Amino acid sequence: MTETIDQHQEGKRDVTFRVFRFNPQVDSKPYFDDYTISAERGITVLRSLNYIKEHVDATLSFRAFCQAGICGSCGMRVNGISKLACTSQVWDELDKCREPGIIRVEPLRSLPMIKDLIVDMDPLVDKMTRYSNWVDSTMPLAEMGKKEFLISEEEFQQYDKATDCILCASCVSECSILRANKEYVSPAVLLKSYRMNVDSRDGIHDIRLAELVKDHGVWDCTHCYRCQESCVKSIPIMEAIHAIREDALESRGPRDTSGAKHAEAFMEDIEKKGKLVEATLPIRTNGVVWTLRNLLPMAMKMIVKRRTPPPPPLVKSAKGIKVFRAMFREMTEHVKQDHLKSQKK
Amino acid sequence: MKPFDIVIVGGGGAGLYAAMEAMKTNPALNIAVLSKVYPNRSHTSAAQGGANAALANKAKDDSVEMHIFDTIKGSDYLADQDAVDVLCSEAPKIIRELENIGTPWSRMEDNTIAQRPFGGAGRPRCCYCADKTGHTILQTLYEQCLRKGVLFFNEYFALNLSVNGSRSKGLIAMNMKTGKVEAFPAKTVIFATGGYAKMYWNRSSNAAGNTGDGQAIAYRAGIPMKDMEFVQFHPTGLRKSGLLVTEGARGEGGYLINKDGERFMARYAKEKMELGPRDLVSRSIETEILEGRGFDSPAGKYIHLDLRHLGADLIKSRLPQIREMTLNFEGVDPIEEPIPIRPTAHYSMGGIDTDNFGRTVMDGVYAAGECACVSVHGANRLGGNSLLDILVFGRIAGHTAAEEAGKFEPGSISEEELKENVEEIRTRMQPSGHYERYGALREELGQTLALNVGIFRESSLLHKGIEDIAELKERFKKVRVFDSSDVFNTNLQQVLELQNMLDLAETVAVGALAREESRGSHTRIDFPVRDDEKWHKHTLATLVDGKATPGEKPVTMGRYELQERTY
């Protein structure tokens, strides 16, 4: 291990790694082990784990490969946040500890545990397959390799950031929907789907989109932005998710699926009243039959508890609705202009 | 398990291309890809710069012929000229094919694939996607393999070939998730396991897993290794970690500066300056440092790679990964400060001896990519030719194996043979008495290689290196695996990887001692000039009675006569 001048000057800091342990062969449930080492400035979490494995406890298990932030192997939760161990500085993490001097290291969430910090990536690969996360080229087989598609810089820019994704699954681990529903498509797969859908070389845009608007698909996202906040490559994942939704509304129509209808109902209410008309929202999203079948018991309970939302005629427009409507119209106009611009390209 | 027609070991660029091409050649074949990591983690992802192809998008007068000449000259005339013909003629086709199936290449103003200058190339012919070229190529190939339903065995660690006389019966591998040793009987096996430069450990830019597993398995099975002494040191590794700053940084116009503020490359390559070939630039940096013109720090001596004059916009748009990396691992923002760098072991030119079709001397065993030595890189690989190599020869190996699988009987691997493999591991897991730590051995191996089998070599140093390796091999027998778990035993895996590195390290040092000349990446202080009369040939290393036994093989010449290599 190398040291530098500044490390000598600034010395070392003692740090305890509180690491999640679980070996399915012997442990009935997970536990934590503490490893205390001294770390100089510039040392990453991964180098510390390597040190612990080599010198303290060889049974500690985690994945690591390139150690340079490009292969995506060492995704794990450090102090509660999903990230790459190889690009996380120990001294930075020491400033974020809940308990002073103790860095918690845990496996990614929402993927099946295998051992210690290692989780099963297969569910993610399966979803990539289900949502056709590949370019299905429009180049005829006989022409392959003979000529190039001509791609504009503007088109390249549309998917440039998205192709930075290294599938480290930090977003998967942070996603609040996945924690409730393991079948949810997941942010990484939405990002990849978006990247394929805006690629002019691809010929299965409609098939992919049809899959994305189904249950557990793009409409299930609740805009919590956790995926984007935790992305180790700073990819604007939410923009990709919004783009898929806009694409779905535009190319499949606003009455396509319950997700699209829900979004449309939202827009309608906001434009008219500046707030939601909650009483009819489920009906407009999923229809009368579904609502009666699924929400009637809850509606009864709400009546008993006097928690029912006001009936539509009683929902008054929000204060300053006129100014708001003007703003709303202006925004809608902007969005339209942007669309026209991108279509011209 | 049902016998396979083709088992591909390794899921990087070469392995995935081989799989795709084999399926295309004969869709009825039963093909499996084994990888010790998820394929999208493979080290192909780390290649930043690009892949060479004479598309002539940027320089209209570029040609395949010029690419061929640059490659042969770059190899210091040790490449086989017929193999280089194949590499360069296939290049435009394969780059376009990747483009056609979704690789997001950066674009020129006329919307064709962008190209930039690269070291040792007479024309700007390196096709790129920002500084994430390898990553995007690997993603594309993995996506296409998922599309075609390639059968993957992810996180399987290959142990040994099962051999019957002169032919292979298949592969034996450990399932990391269960610890179970499993048989993969197969008509053909393709090794595509990447390079062995990680044996230099902390002085290497490679991923932790680039331990030469495929080469070591083939070597133990009696297949010769070729030109193992040729290890490329990349000129610009980060001082602290050995991690790589892409040649693209110099391609875009970066300067190399010594402590006197001099652009010292003027002394070594007047015309090409910073864009001289890698071996030359590495030696130049090392010479500057040895002669006292480097900067000093407890992390070692270094020189500066200065990008500041390129401006923030260009650095942010064309070299974003470099900036991120220097910030993360060196605490330096290249927009504000020069980057501290020194040469780092980066690429292994040597590898499993194959012909131009990926065949090895053993029936049914093929190799492609960095783990093979065709040889297209000879004594020194040009930047942008390694991605090209894995694509072109990965595809060829896949095609050849698919065509030839029918020739071979399906092998069967006996229970006894599996048990032998399990037994070997078990013994390792319960030694008694005094034991050695694998971590220490691994570090010592890297140190002795960097010191004695590094950029500048010499007889007494090499003898010391060989002795050290022999001693480490002896000590390795006492290395103990502390993790007794069957599930994902990374402790065991790392120990087995160390064994592979130790086996191969011997061939590197023995080859370096034998080759009494200086050629390409191999520089002997005691034999400072190229000696075509005695050494214009490939070296071979074959395992005989537990020792690396030297052999040789002629270089295939063609249109280009031997010339002095100057830039």
# chains A, B, ... in the order shown; residues from 1 in each chain; ligands from 1

call {"tool": "select_by_dssp", "arguments": {"residues": "range 352-552 of chain B", "states": "helix (DSSP H, G or I)", "output": "count of residues only"}}
result
103

call {"tool": "residues_around", "arguments": {"residues": "range 219-224 of chain B", "least_positions_apart": "5", "cutoff": "8 Å", "atoms": "only C-alpha atoms", "output": "ChimeraX atom specification"}}
result
/B:160-161,163,352-353,360-362,540-544

call {"tool": "write_last_selection", "arguments": {"atoms": "C-alpha atoms", "output": "tab-separated table (two decimals), in the first residue's frame"}}
result
chain	number	residue	atom	x	y	z
B	160	ASN	CA	-8.96	-27.23	-15.37
B	161	LEU	CA	-9.29	-28.67	-18.83
B	163	VAL	CA	-7.69	-33.83	-21.36
B	352	ILE	CA	-1.92	-18.99	-25.60
B	353	ASP	CA	-0.24	-19.83	-28.90
B	360	THR	CA	-4.28	-24.09	-30.36
B	361	VAL	CA	-2.09	-27.17	-30.69
B	362	MET	CA	-4.69	-29.18	-28.80
B	540	LEU	CA	7.35	-20.53	-26.59
B	541	ALA	CA	7.02	-21.80	-23.04
B	542	THR	CA	5.65	-25.27	-22.42
B	543	LEU	CA	5.16	-26.97	-19.09
B	544	VAL	CA	7.36	-30.06	-18.94

call {"tool": "interface_residues", "arguments": {"of": "chain B", "to": "chain A", "cutoff": "7 Å", "atoms": "only C-alpha atoms", "output": "ChimeraX atom specification"}}
result
/B:41-43,45-46,93-94,96-97,99-102,107,111-112,136,143-144,146-147,206-209,240,243,297-299,328,439,482-483,488,490-491

call {"tool": "write_last_selection", "arguments": {"atoms": "N, CA and C atoms", "output": "mmCIF file, in the first residue's frame"}}
result
data_model
loop_
_atom_site.group_PDB
_atom_site.id
_atom_site.type_symbol
_atom_site.label_atom_id
_atom_site.label_comp_id
_atom_site.auth_asym_id
_atom_site.auth_seq_id
_atom_site.Cartn_x
_atom_site.Cartn_y
_atom_site.Cartn_z
ATOM 1 N N ARG B 41 -19.369 -7.067 -16.305
ATOM 2 C CA ARG B 41 -18.309 -6.586 -15.415
ATOM 3 C C ARG B 41 -16.929 -6.764 -16.030
ATOM 4 N N SER B 42 -16.842 -7.499 -17.120
ATOM 5 C CA SER B 42 -15.544 -7.884 -17.675
ATOM 6 C C SER B 42 -14.647 -6.678 -17.931
ATOM 7 N N HIS B 43 -13.357 -6.963 -18.039
ATOM 8 C CA HIS B 43 -12.395 -5.869 -18.102
ATOM 9 C C HIS B 43 -12.427 -5.109 -19.431
ATOM 10 N N SER B 45 -14.693 -3.481 -20.305
ATOM 11 C CA SER B 45 -15.349 -2.226 -19.943
ATOM 12 C C SER B 45 -14.363 -1.123 -19.601
ATOM 13 N N ALA B 46 -13.147 -1.499 -19.222
ATOM 14 C CA ALA B 46 -12.185 -0.487 -18.785
ATOM 15 C C ALA B 46 -11.436 0.165 -19.948
ATOM 16 N N LYS B 93 -15.209 -3.623 -41.171
ATOM 17 C CA LYS B 93 -16.438 -4.401 -41.166
ATOM 18 C C LYS B 93 -16.957 -4.594 -39.739
ATOM 19 N N ILE B 94 -16.038 -4.917 -38.841
ATOM 20 C CA ILE B 94 -16.482 -5.244 -37.486
ATOM 21 C C ILE B 94 -16.931 -3.992 -36.724
ATOM 22 N N ARG B 96 -18.307 -1.371 -38.154
ATOM 23 C CA ARG B 96 -19.637 -1.056 -38.708
ATOM 24 C C ARG B 96 -20.687 -2.016 -38.177
ATOM 25 N N GLU B 97 -20.303 -3.281 -38.042
ATOM 26 C CA GLU B 97 -21.258 -4.262 -37.523
ATOM 27 C C GLU B 97 -21.683 -3.885 -36.102
ATOM 28 N N GLU B 99 -21.643 -0.946 -34.896
ATOM 29 C CA GLU B 99 -22.466 0.250 -35.060
ATOM 30 C C GLU B 99 -23.883 -0.166 -35.415
ATOM 31 N N ASN B 100 -23.995 -1.101 -36.299
ATOM 32 C CA ASN B 100 -25.295 -1.557 -36.769
ATOM 33 C C ASN B 100 -26.148 -2.186 -35.662
ATOM 34 N N ILE B 101 -25.483 -2.790 -34.662
ATOM 35 C CA ILE B 101 -26.266 -3.447 -33.608
ATOM 36 C C ILE B 101 -26.350 -2.612 -32.332
ATOM 37 N N GLY B 102 -25.919 -1.346 -32.412
ATOM 38 C CA GLY B 102 -26.247 -0.458 -31.305
ATOM 39 C C GLY B 102 -25.127 0.217 -30.526
ATOM 40 N N ARG B 107 -19.779 10.837 -32.905
ATOM 41 C CA ARG B 107 -20.008 11.104 -34.328
ATOM 42 C C ARG B 107 -19.212 12.298 -34.851
ATOM 43 N N ASN B 111 -22.012 13.035 -39.428
ATOM 44 C CA ASN B 111 -22.808 11.965 -38.814
ATOM 45 C C ASN B 111 -22.237 10.550 -38.965
ATOM 46 N N THR B 112 -21.003 10.460 -39.476
ATOM 47 C CA THR B 112 -20.368 9.141 -39.512
ATOM 48 C C THR B 112 -19.631 8.918 -38.184
ATOM 49 N N THR B 136 -19.063 0.676 -23.659
ATOM 50 C CA THR B 136 -20.241 0.659 -24.528
ATOM 51 C C THR B 136 -20.209 -0.541 -25.480
ATOM 52 N N GLU B 143 -25.909 -7.085 -24.447
ATOM 53 C CA GLU B 143 -27.318 -6.906 -24.819
ATOM 54 C C GLU B 143 -27.705 -7.844 -25.959
ATOM 55 N N GLN B 144 -26.826 -7.918 -26.960
ATOM 56 C CA GLN B 144 -27.144 -8.760 -28.110
ATOM 57 C C GLN B 144 -27.139 -10.246 -27.727
ATOM 58 N N LEU B 146 -28.003 -11.392 -24.797
ATOM 59 C CA LEU B 146 -29.272 -11.608 -24.089
ATOM 60 C C LEU B 146 -30.396 -11.728 -25.118
ATOM 61 N N ARG B 147 -30.330 -10.883 -26.143
ATOM 62 C CA ARG B 147 -31.355 -10.921 -27.203
ATOM 63 C C ARG B 147 -31.406 -12.287 -27.858
ATOM 64 N N ASN B 206 -4.664 -3.258 -14.299
ATOM 65 C CA ASN B 206 -5.698 -4.247 -14.576
ATOM 66 C C ASN B 206 -6.679 -4.466 -13.429
ATOM 67 N N ALA B 207 -7.822 -5.030 -13.761
ATOM 68 C CA ALA B 207 -8.802 -5.437 -12.766
ATOM 69 C C ALA B 207 -8.205 -6.546 -11.895
ATOM 70 N N ALA B 208 -8.737 -6.667 -10.673
ATOM 71 C CA ALA B 208 -8.202 -7.655 -9.728
ATOM 72 C C ALA B 208 -8.260 -9.062 -10.302
ATOM 73 N N GLY B 209 -9.170 -9.292 -11.227
ATOM 74 C CA GLY B 209 -9.354 -10.653 -11.732
ATOM 75 C C GLY B 209 -8.574 -10.983 -12.989
ATOM 76 N N LYS B 240 -0.745 6.808 -7.549
ATOM 77 C CA LYS B 240 -1.066 6.062 -6.326
ATOM 78 C C LYS B 240 -1.608 4.665 -6.583
ATOM 79 N N LEU B 243 -4.004 2.981 -11.693
ATOM 80 C CA LEU B 243 -5.145 3.058 -12.609
ATOM 81 C C LEU B 243 -4.794 3.916 -13.816
ATOM 82 N N SER B 297 7.739 11.824 -4.490
ATOM 83 C CA SER B 297 6.739 11.745 -3.422
ATOM 84 C C SER B 297 6.871 10.390 -2.762
ATOM 85 N N PRO B 298 6.399 10.262 -1.523
ATOM 86 C CA PRO B 298 6.498 8.947 -0.867
ATOM 87 C C PRO B 298 5.726 7.878 -1.626
ATOM 88 N N ALA B 299 4.782 8.280 -2.475
ATOM 89 C CA ALA B 299 4.051 7.285 -3.265
ATOM 90 C C ALA B 299 4.861 6.897 -4.493
ATOM 91 N N ASN B 328 -11.379 11.176 -8.052
ATOM 92 C CA ASN B 328 -11.659 10.138 -7.060
ATOM 93 C C ASN B 328 -10.415 9.490 -6.492
ATOM 94 N N GLY B 439 -2.291 -12.946 0.576
ATOM 95 C CA GLY B 439 -2.191 -11.525 0.291
ATOM 96 C C GLY B 439 -0.746 -11.057 0.227
ATOM 97 N N PHE B 482 -8.919 -19.734 4.640
ATOM 98 C CA PHE B 482 -9.556 -19.650 5.964
ATOM 99 C C PHE B 482 -11.068 -19.796 5.910
ATOM 100 N N ASP B 483 -11.612 -19.421 4.776
ATOM 101 C CA ASP B 483 -13.063 -19.497 4.632
ATOM 102 C C ASP B 483 -13.430 -20.930 4.267
ATOM 103 N N PHE B 488 -20.014 -18.862 -2.268
ATOM 104 C CA PHE B 488 -19.232 -17.711 -2.688
ATOM 105 C C PHE B 488 -17.929 -17.544 -1.904
ATOM 106 N N THR B 490 -14.799 -16.389 -1.863
ATOM 107 C CA THR B 490 -13.854 -15.534 -2.600
ATOM 108 C C THR B 490 -12.429 -15.718 -2.093
ATOM 109 N N ASN B 491 -12.292 -16.148 -0.862
ATOM 110 C CA ASN B 491 -10.975 -16.443 -0.313
ATOM 111 C C ASN B 491 -10.320 -17.549 -1.142
#

call {"tool": "residues_around", "arguments": {"residues": "Pro30 in chain A", "least_positions_apart": "6", "cutoff": "8 Å", "atoms": "only C-alpha atoms", "output": "PyMOL selection string"}}
result
chain A and resi 20-23

call {"tool": "write_last_selection", "arguments": {"atoms": "N, CA, C and O atoms", "output": "mmCIF file, in the first residue's frame"}}
result
data_model
loop_
_atom_site.group_PDB
_atom_site.id
_atom_site.type_symbol
_atom_site.label_atom_id
_atom_site.label_comp_id
_atom_site.auth_asym_id
_atom_site.auth_seq_id
_atom_site.Cartn_x
_atom_site.Cartn_y
_atom_site.Cartn_z
ATOM 1 N N PHE A 20 -22.186 -5.995 7.593
ATOM 2 C CA PHE A 20 -23.281 -6.962 7.546
ATOM 3 C C PHE A 20 -22.724 -8.335 7.196
ATOM 4 O O PHE A 20 -22.006 -8.495 6.224
ATOM 5 N N ARG A 21 -23.045 -9.339 8.020
ATOM 6 C CA ARG A 21 -22.563 -10.693 7.754
ATOM 7 C C ARG A 21 -23.723 -11.659 7.653
ATOM 8 O O ARG A 21 -24.657 -11.608 8.440
ATOM 9 N N PHE A 22 -23.621 -12.539 6.682
ATOM 10 C CA PHE A 22 -24.625 -13.591 6.564
ATOM 11 C C PHE A 22 -24.090 -14.697 5.668
ATOM 12 O O PHE A 22 -23.769 -14.468 4.505
ATOM 13 N N ASN A 23 -23.950 -15.882 6.249
ATOM 14 C CA ASN A 23 -23.571 -17.044 5.450
ATOM 15 C C ASN A 23 -24.720 -18.043 5.558
ATOM 16 O O ASN A 23 -24.938 -18.628 6.610
#

call {"tool": "residues_around", "arguments": {"residues": "range 303-320 of chain A", "least_positions_apart": "6", "cutoff": "10 Å", "atoms": "only C-alpha atoms", "output": "list of chain:residue names"}}
result
A:Asp269, A:Ile270, A:Glu271, A:Lys272, A:Lys273, A:Gly274, A:Lys275, A:Leu276, A:Val277, A:Glu278, A:Ala279, A:Thr280, A:Pro297

call {"tool": "write_last_selection", "arguments": {"atoms": "N, CA, C and O atoms", "output": "PDB file, in the first residue's frame"}}
result
ATOM      1  N   ASP A 269     -57.321  17.878 -13.452  1.00  0.00           N
ATOM      2  CA  ASP A 269     -57.669  18.509 -12.171  1.00  0.00           C
ATOM      3  C   ASP A 269     -56.821  19.743 -11.917  1.00  0.00           C
ATOM      4  O   ASP A 269     -57.322  20.781 -11.497  1.00  0.00           O
ATOM      5  N   ILE A 270     -55.533  19.571 -12.156  1.00  0.00           N
ATOM      6  CA  ILE A 270     -54.610  20.677 -11.863  1.00  0.00           C
ATOM      7  C   ILE A 270     -54.965  21.882 -12.725  1.00  0.00           C
ATOM      8  O   ILE A 270     -54.983  23.024 -12.267  1.00  0.00           O
ATOM      9  N   GLU A 271     -55.292  21.613 -13.978  1.00  0.00           N
ATOM     10  CA  GLU A 271     -55.616  22.717 -14.881  1.00  0.00           C
ATOM     11  C   GLU A 271     -56.912  23.397 -14.458  1.00  0.00           C
ATOM     12  O   GLU A 271     -57.026  24.621 -14.431  1.00  0.00           O
ATOM     13  N   LYS A 272     -57.929  22.579 -14.106  1.00  0.00           N
ATOM     14  CA  LYS A 272     -59.240  23.135 -13.765  1.00  0.00           C
ATOM     15  C   LYS A 272     -59.256  23.808 -12.409  1.00  0.00           C
ATOM     16  O   LYS A 272     -59.734  24.917 -12.247  1.00  0.00           O
ATOM     17  N   LYS A 273     -58.747  23.091 -11.399  1.00  0.00           N
ATOM     18  CA  LYS A 273     -58.955  23.567 -10.029  1.00  0.00           C
ATOM     19  C   LYS A 273     -57.672  23.912  -9.287  1.00  0.00           C
ATOM     20  O   LYS A 273     -57.699  24.447  -8.185  1.00  0.00           O
ATOM     21  N   GLY A 274     -56.547  23.508  -9.855  1.00  0.00           N
ATOM     22  CA  GLY A 274     -55.295  23.772  -9.135  1.00  0.00           C
ATOM     23  C   GLY A 274     -55.089  22.780  -8.001  1.00  0.00           C
ATOM     24  O   GLY A 274     -54.165  22.893  -7.225  1.00  0.00           O
ATOM     25  N   LYS A 275     -55.981  21.833  -7.859  1.00  0.00           N
ATOM     26  CA  LYS A 275     -55.796  20.742  -6.880  1.00  0.00           C
ATOM     27  C   LYS A 275     -56.544  19.496  -7.335  1.00  0.00           C
ATOM     28  O   LYS A 275     -57.311  19.542  -8.293  1.00  0.00           O
ATOM     29  N   LEU A 276     -56.352  18.408  -6.594  1.00  0.00           N
ATOM     30  CA  LEU A 276     -56.933  17.139  -7.028  1.00  0.00           C
ATOM     31  C   LEU A 276     -58.374  16.965  -6.584  1.00  0.00           C
ATOM     32  O   LEU A 276     -58.743  17.367  -5.480  1.00  0.00           O
ATOM     33  N   VAL A 277     -59.162  16.357  -7.476  1.00  0.00           N
ATOM     34  CA  VAL A 277     -60.516  15.946  -7.089  1.00  0.00           C
ATOM     35  C   VAL A 277     -60.413  14.466  -6.770  1.00  0.00           C
ATOM     36  O   VAL A 277     -60.580  13.592  -7.611  1.00  0.00           O
ATOM     37  N   GLU A 278     -60.077  14.197  -5.504  1.00  0.00           N
ATOM     38  CA  GLU A 278     -59.689  12.834  -5.141  1.00  0.00           C
ATOM     39  C   GLU A 278     -60.821  11.821  -5.217  1.00  0.00           C
ATOM     40  O   GLU A 278     -60.594  10.650  -5.481  1.00  0.00           O
ATOM     41  N   ALA A 279     -62.027  12.260  -4.993  1.00  0.00           N
ATOM     42  CA  ALA A 279     -63.153  11.327  -4.947  1.00  0.00           C
ATOM     43  C   ALA A 279     -63.317  10.557  -6.251  1.00  0.00           C
ATOM     44  O   ALA A 279     -63.652   9.374  -6.239  1.00  0.00           O
ATOM     45  N   THR A 280     -63.085  11.240  -7.371  1.00  0.00           N
ATOM     46  CA  THR A 280     -63.312  10.553  -8.649  1.00  0.00           C
ATOM     47  C   THR A 280     -62.030  10.065  -9.299  1.00  0.00           C
ATOM     48  O   THR A 280     -62.060   9.442 -10.351  1.00  0.00           O
ATOM     49  N   PRO A 297     -64.739  -1.340   0.043  1.00  0.00           N
ATOM     50  CA  PRO A 297     -64.552  -1.538   1.495  1.00  0.00           C
ATOM     51  C   PRO A 297     -63.820  -0.367   2.143  1.00  0.00           C
ATOM     52  O   PRO A 297     -64.192   0.089   3.232  1.00  0.00           O
TER      53      PRO A 297
END

call {"tool": "closest_residue", "arguments": {"among": "B:Gly546, B:Gly558, B:Pro343, B:Gly551", "to": "Ala514 in chain B", "atoms": "only C-alpha atoms"}}
result
B:Gly551
